[in-house]
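Below is one structure, written out as structure tokens; comments come after it.
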Amino acid sequence: MPTDASAPRWPASLAGLIAAAVALGVAELVTGLSASTRSLVASVGDQVVDRSPGGVVKWAIEVFGTADKAVLLTSIVVVCLGLGALVGAASQRRAWAGPAALGAAAVAGAAAGVADPLSSDAGAVTAAVLAWASGSLTLWALLGVARTGGPLPVATRRPVAATATATAVSRGATGPRAAEPMPGLRTDDLDVPGTGRGDRRAFLAWTGAATAFAGVAALGGRSLAGRTSAEAARAEIVLPPAPSGAAVPGPGLTVDGVSPLITPTADFYRIDTALVLPQVGVDGWSLEVAGATPEPYSLTFDELLDMPMVEAPVTIACVSNEVGGDLVGTAVWQGVPLTAVLERAGLRAGEVPDDAAQLVGRSVDGFTVGFPTETALDGRVAMVAVGMNGEPLPVRHGFPARLVVAGLYGYVSATKWLSRLELTGWDDFDAYWIPRGWAKEAPVKTQSRIDVPRTGAGLVAGPVAVAGVAWAPTRGISQVEVQVDDGPWQEARLSDGANSDVWRQWAIDWDATPGEHRLRVRATDGEGETQTEERSRVAPDGATGWHTRTVQVS
């Protein structure tokens, strides 16, 4: 590889950055060609998340919310490009630095891919090796262009001006004219290797071509990965007819801006640890029921669909939902009751032994949840869900199957892309989030939210609708009250309660007066417990406090 310690550093740095981009693009292309290999960037991201301290993970969730995955993946790419630039600069003096650094990155990527349960070991190693080779070749070629004006080292052409001067000297010329170039020639018009405008144009042309190749490779890899998308398998699924008698909520209150009783699937929140959605087809998928059970067994997807099903609306919430947040929603879920799944394994309510006191749900990507086994047998809605709002589960919500357990936060119950149910002792296993500082038992807390009016809304004096939703799954909502400034609490009217697992809409008619006003809401659940005013953060087991909005009335 050509090196030149005296050359400007920016071309070498740019060469290193482009080389890193090519390596990343080739890795994406190779993994896209393999149905069994995930993006190395995603595999590295998973390792970053799994090895980060719980406090860092909490901070990321609080700061970035649902954008945390995109931020992490983008950060990994940016860091790789930045390191590439540093490596390019170092390669200007030490030719071995580029291949060595790119090789170290390839080893790290391969190791992450091998550790990824969704990735083929051979595919991950192949992608890493080809990424290293393409990145090293690109760096070598671009540094050659930067130094010589061509992709490879070539014999440099002596500048015409210098040649003329040397000729004059050899002929005995003396005086000032001996050092002057021939008349009519300018050195900046010549293609001087390493310094001339021709070299700069050649270098920029080659870097542009390499950048285009990197982009096409990356986009091509993502497109090829789509060939194995689970969406194709999902499109062929026909769910069994939904059982009759499901208590689906009615039309609700007619207030503009209030959340609907059933959240549209497209608007339903998504929170999980998957940086890239697992692509799970139904062919070859199975649900294993194992652990401390008298009768372990497994089910294919078709066998799961043949079991008796239920359909029920349930409000589920993320433990990371701040007071007044939107990480909560209601859907009509269809699936097989966990009671049927566990009874087939030899377990029944009131007869669960201590070594099977915890039901662990495992995802295909290694994520785990854990909750009391008796919870799945106490009569609440708890199912292996295969449908959502009348359609097969969307991939982003867990296709082909997931857990839905009413009354428990998702981090202890809502395994998406479910592959295994495992019965263990309560103290024998801690699920994914528990060692990271979250509580092991996590019932959903009674909460309420003001949907309208929004904070900072400019209102006109007179009648104003104040409305929102309140939820306490398994307990239901019995009352919602609203306070304006320091006035008395006013009881709100409620939508019909389809069942205790579904949130209820609430509303009051407020005769607004000019000025700034504070609106607060609190709910009382079906067991008579009213929300506490005390504010607490989401960690370790869910936020508390009254949702408050400030509005201006003119």
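Convention: chains lettered A, B, ... in structure tokens order; per-chain residue numbering from 1; ligands numbered from 1 as shown.
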> Residues at most 9 Å from Ala131 (chain A), counting only C-alpha atoms, excluding those fewer than 2 positions away in the same chain, as a VMD selection string?
Replying inline: chain A and resid 20 22 to 28 30 102 106 126 to 129 133 to 136
Could you save those same residues with N, CA and C atoms as a tab-separated table (two decimals), in the first residue's frame?
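The new file out.tsv reads:
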```
chain	number	residue	atom	x	y	z
A	20	ALA	N	-14.47	2.18	5.26
A	20	ALA	CA	-15.36	1.65	6.30
A	20	ALA	C	-16.79	1.53	5.78
A	22	VAL	N	-17.70	1.05	2.66
A	22	VAL	CA	-17.74	-0.10	1.75
A	22	VAL	C	-17.82	-1.40	2.54
A	23	ALA	N	-17.01	-1.50	3.59
A	23	ALA	CA	-17.03	-2.72	4.42
A	23	ALA	C	-18.43	-2.94	5.01
A	24	LEU	N	-19.03	-1.87	5.53
A	24	LEU	CA	-20.38	-2.01	6.09
A	24	LEU	C	-21.38	-2.39	5.01
A	25	GLY	N	-21.27	-1.77	3.83
A	25	GLY	CA	-22.20	-2.08	2.75
A	25	GLY	C	-22.08	-3.52	2.29
A	26	VAL	N	-20.85	-4.01	2.15
A	26	VAL	CA	-20.65	-5.40	1.74
A	26	VAL	C	-21.19	-6.36	2.79
A	27	ALA	N	-20.99	-6.04	4.06
A	27	ALA	CA	-21.53	-6.90	5.13
A	27	ALA	C	-23.04	-6.98	5.04
A	28	GLU	N	-23.70	-5.83	4.78
A	28	GLU	CA	-25.16	-5.85	4.64
A	28	GLU	C	-25.58	-6.67	3.42
A	30	VAL	N	-23.97	-9.21	1.99
A	30	VAL	CA	-23.75	-10.64	2.23
A	30	VAL	C	-24.81	-11.20	3.16
A	102	LEU	N	-9.20	-2.82	10.37
A	102	LEU	CA	-10.39	-3.40	9.75
A	102	LEU	C	-10.54	-4.87	10.13
A	106	ALA	N	-13.67	-6.63	11.97
A	106	ALA	CA	-14.30	-7.81	11.40
A	106	ALA	C	-14.43	-8.93	12.43
A	126	THR	N	-18.52	-15.33	7.25
A	126	THR	CA	-18.34	-15.00	5.84
A	126	THR	C	-18.55	-13.51	5.59
A	127	ALA	N	-19.60	-12.96	6.17
A	127	ALA	CA	-19.86	-11.53	6.00
A	127	ALA	C	-18.73	-10.69	6.56
A	128	ALA	N	-18.20	-11.08	7.71
A	128	ALA	CA	-17.11	-10.31	8.32
A	128	ALA	C	-15.84	-10.38	7.48
A	129	VAL	N	-15.51	-11.57	6.96
A	129	VAL	CA	-14.29	-11.72	6.16
A	129	VAL	C	-14.39	-10.91	4.87
A	133	ALA	N	-12.08	-7.77	3.63
A	133	ALA	CA	-11.36	-7.78	2.36
A	133	ALA	C	-11.74	-6.58	1.50
A	134	SER	N	-13.02	-6.30	1.38
A	134	SER	CA	-13.47	-5.18	0.55
A	134	SER	C	-13.03	-3.84	1.13
A	135	GLY	N	-13.09	-3.71	2.45
A	135	GLY	CA	-12.65	-2.47	3.08
A	135	GLY	C	-11.16	-2.23	2.91
A	136	SER	N	-10.37	-3.28	3.09
A	136	SER	CA	-8.91	-3.15	2.94
A	136	SER	C	-8.54	-2.82	1.50
```
Determine which residues of region 298-465 of chain A DSSP labels as strand (DSSP E) from the backbone of this structure, then write them out as a compact mmCIF listing (two decimals) with C-alpha atoms, in the first residue's frame.
```
# COMPACT_ATOMS: atom_id res chain seq x y z
CA SER A 298 -44.21 -28.84 21.52
CA LEU A 299 -46.72 -27.41 19.06
CA THR A 300 -46.41 -26.48 15.40
CA VAL A 310 -60.55 -17.01 22.73
CA GLU A 311 -60.86 -13.40 21.64
CA ALA A 312 -60.78 -10.52 24.08
CA PRO A 313 -60.00 -6.80 24.18
CA VAL A 314 -57.14 -6.06 26.58
CA THR A 315 -55.27 -2.87 27.42
CA ILE A 316 -51.53 -3.47 27.72
CA ALA A 317 -48.90 -1.00 28.88
CA VAL A 328 -50.26 2.02 26.29
CA GLY A 329 -53.01 0.79 23.99
CA THR A 330 -55.98 -1.52 23.64
CA ALA A 331 -56.39 -4.23 21.01
CA VAL A 332 -58.69 -7.17 20.44
CA TRP A 333 -56.41 -10.18 20.86
CA GLN A 334 -57.11 -13.69 19.59
CA GLY A 335 -55.27 -16.76 20.78
CA VAL A 336 -55.07 -19.93 22.82
CA PRO A 337 -55.62 -19.55 26.59
CA GLN A 358 -42.56 -19.09 37.43
CA LEU A 359 -43.60 -19.18 33.80
CA VAL A 360 -40.78 -17.98 31.56
CA GLY A 361 -41.47 -16.88 28.00
CA ARG A 362 -38.52 -17.05 25.59
CA SER A 363 -38.33 -15.22 22.27
CA THR A 368 -37.06 -13.53 28.25
CA VAL A 369 -39.90 -12.61 30.58
CA GLY A 370 -41.05 -14.27 33.78
CA PHE A 371 -44.25 -14.08 35.84
CA PRO A 372 -46.06 -16.19 38.44
CA ALA A 382 -53.78 -14.78 29.46
CA MET A 383 -53.07 -16.25 26.06
CA VAL A 384 -50.63 -17.25 23.37
CA ALA A 385 -51.92 -14.67 20.90
CA VAL A 386 -51.88 -15.19 17.14
CA GLY A 387 -54.26 -12.39 16.12
CA MET A 388 -54.62 -8.67 16.72
CA GLU A 391 -55.81 -10.04 11.59
CA PRO A 392 -52.75 -12.25 12.10
CA ARG A 402 -46.72 -13.77 21.43
CA LEU A 403 -47.90 -13.66 25.02
CA VAL A 404 -50.65 -11.34 26.24
CA VAL A 405 -51.37 -11.34 29.98
CA LEU A 418 -42.48 -16.56 21.22
CA SER A 419 -40.62 -19.86 20.89
CA ARG A 420 -40.62 -21.49 24.32
CA LEU A 421 -42.57 -21.57 27.59
CA GLU A 422 -40.45 -22.81 30.46
CA LEU A 423 -41.57 -23.59 34.01
CA THR A 424 -39.02 -22.84 36.73
CA GLN A 447 -53.38 5.37 35.57
CA SER A 448 -55.27 8.14 33.78
CA ARG A 449 -54.37 10.57 31.04
CA ILE A 450 -55.69 13.87 29.65
CA ASP A 451 -55.91 13.65 25.85
CA VAL A 452 -57.59 17.01 25.25
CA GLY A 458 -54.86 28.31 23.18
CA LEU A 459 -58.55 28.11 24.13
CA GLY A 462 -66.66 29.21 27.17
CA PRO A 463 -67.53 25.49 27.03
CA VAL A 464 -64.46 23.27 26.61
CA ALA A 465 -64.36 19.46 26.58
```
>> I need the alpha helix (DSSP H) residues of region 219-466 of chain A per DSSP on the backbone, written as a PyMOL selection string.
In response: chain A and resi 219-225+230-235+301-306+338-344+410-413
Show me, as an mmCIF file with C-alpha atoms, in the first residue's frame, the residues that have an atom within 8 Å of Arg518 (chain A) when counting only C-alpha atoms, minus same-chain residues fewer than 2 positions from it.
```cif
data_model
loop_
_atom_site.group_PDB
_atom_site.id
_atom_site.type_symbol
_atom_site.label_atom_id
_atom_site.label_comp_id
_atom_site.auth_asym_id
_atom_site.auth_seq_id
_atom_site.Cartn_x
_atom_site.Cartn_y
_atom_site.Cartn_z
ATOM 1 C CA VAL A 484 -59.310 22.748 37.540
ATOM 2 C CA ASP A 485 -56.670 24.812 39.352
ATOM 3 C CA GLU A 516 -53.872 30.286 32.591
ATOM 4 C CA ARG A 520 -55.403 17.453 36.712
ATOM 5 C CA THR A 548 -51.402 17.538 34.630
ATOM 6 C CA ARG A 549 -51.814 19.929 31.722
ATOM 7 C CA THR A 550 -51.538 23.720 31.649
ATOM 8 C CA VAL A 551 -53.687 25.648 29.154
#
```
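Between CA of Asp283 (chain A) and CA of Pro400 (chain A) the separation is 10.4 Å.
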>> So that I can see what lies close to region 64-69 of chain A, please list as a VMD selection string the residues with an atom at most 12 Å from it, counting only C-alpha atoms and leaving out residues fewer than 6 positions away in the same chain.
In response: chain A and resid 41 to 42 45 to 46 48 to 49 56 to 58 75 to 76 268 to 277 318 to 322 325 to 327
>> Report as a PyMOL selection string all protein, DNA and RNA residues lying within 12 Å of Val78 (chain A), evaluated on only C-alpha atoms, omitting residues in the same chain fewer than 3 positions from it.
In response: chain A and resi 17-18+20-21+24+41+71-75+81-85
Please produce an output containing N, CA, C and O atoms for each residue in the selection, written as a JSON list (two decimals), in the first residue's frame.
```
[["chain", "number", "residue", "atom", "x", "y", "z"],
["A", 17, "LEU", "N", -12.64, 6.61, 5.76],
["A", 17, "LEU", "CA", -14.09, 6.67, 5.99],
["A", 17, "LEU", "C", -14.84, 5.91, 4.90],
["A", 17, "LEU", "O", -15.76, 5.13, 5.19],
["A", 18, "ILE", "N", -14.44, 6.13, 3.62],
["A", 18, "ILE", "CA", -15.11, 5.45, 2.52],
["A", 18, "ILE", "C", -14.86, 3.95, 2.59],
["A", 18, "ILE", "O", -15.76, 3.14, 2.31],
["A", 20, "ALA", "N", -14.47, 2.18, 5.26],
["A", 20, "ALA", "CA", -15.36, 1.65, 6.30],
["A", 20, "ALA", "C", -16.79, 1.53, 5.78],
["A", 20, "ALA", "O", -17.50, 0.56, 6.06],
["A", 21, "ALA", "N", -17.22, 2.53, 4.99],
["A", 21, "ALA", "CA", -18.56, 2.49, 4.41],
["A", 21, "ALA", "C", -18.72, 1.30, 3.46],
["A", 21, "ALA", "O", -19.75, 0.61, 3.46],
["A", 24, "LEU", "N", -19.03, -1.87, 5.53],
["A", 24, "LEU", "CA", -20.38, -2.01, 6.09],
["A", 24, "LEU", "C", -21.38, -2.39, 5.01],
["A", 24, "LEU", "O", -22.26, -3.24, 5.23],
["A", 41, "VAL", "N", -24.34, -5.27, 11.98],
["A", 41, "VAL", "CA", -24.58, -4.05, 12.77],
["A", 41, "VAL", "C", -25.63, -4.33, 13.84],
["A", 41, "VAL", "O", -25.48, -3.92, 15.00],
["A", 71, "VAL", "N", -31.49, 5.17, 17.12],
["A", 71, "VAL", "CA", -30.35, 5.95, 17.61],
["A", 71, "VAL", "C", -29.13, 5.04, 17.80],
["A", 71, "VAL", "O", -28.00, 5.39, 17.41],
["A", 72, "LEU", "N", -29.34, 3.86, 18.37],
["A", 72, "LEU", "CA", -28.22, 2.95, 18.62],
["A", 72, "LEU", "C", -27.61, 2.46, 17.30],
["A", 72, "LEU", "O", -26.39, 2.49, 17.12],
["A", 73, "LEU", "N", -28.45, 2.02, 16.36],
["A", 73, "LEU", "CA", -27.93, 1.52, 15.09],
["A", 73, "LEU", "C", -27.21, 2.63, 14.33],
["A", 73, "LEU", "O", -26.13, 2.39, 13.75],
["A", 74, "THR", "N", -27.78, 3.82, 14.32],
["A", 74, "THR", "CA", -27.13, 4.94, 13.66],
["A", 74, "THR", "C", -25.80, 5.27, 14.32],
["A", 74, "THR", "O", -24.80, 5.56, 13.64],
["A", 75, "SER", "N", -25.77, 5.22, 15.64],
["A", 75, "SER", "CA", -24.53, 5.52, 16.37],
["A", 75, "SER", "C", -23.44, 4.51, 16.04],
["A", 75, "SER", "O", -22.26, 4.88, 15.89],
["A", 81, "LEU", "N", -17.67, 4.67, 10.88],
["A", 81, "LEU", "CA", -17.16, 5.60, 9.88],
["A", 81, "LEU", "C", -16.08, 6.52, 10.47],
["A", 81, "LEU", "O", -15.06, 6.79, 9.82],
["A", 82, "GLY", "N", -16.33, 6.98, 11.69],
["A", 82, "GLY", "CA", -15.34, 7.83, 12.34],
["A", 82, "GLY", "C", -14.02, 7.10, 12.59],
["A", 82, "GLY", "O", -12.93, 7.65, 12.35],
["A", 83, "LEU", "N", -14.12, 5.85, 13.04],
["A", 83, "LEU", "CA", -12.90, 5.06, 13.25],
["A", 83, "LEU", "C", -12.20, 4.80, 11.92],
["A", 83, "LEU", "O", -10.97, 4.77, 11.84],
["A", 84, "GLY", "N", -13.01, 4.62, 10.87],
["A", 84, "GLY", "CA", -12.42, 4.44, 9.55],
["A", 84, "GLY", "C", -11.58, 5.63, 9.13],
["A", 84, "GLY", "O", -10.49, 5.49, 8.56],
["A", 85, "ALA", "N", -12.09, 6.84, 9.41],
["A", 85, "ALA", "CA", -11.33, 8.05, 9.09],
["A", 85, "ALA", "C", -10.01, 8.09, 9.85],
["A", 85, "ALA", "O", -8.96, 8.44, 9.28]]
```
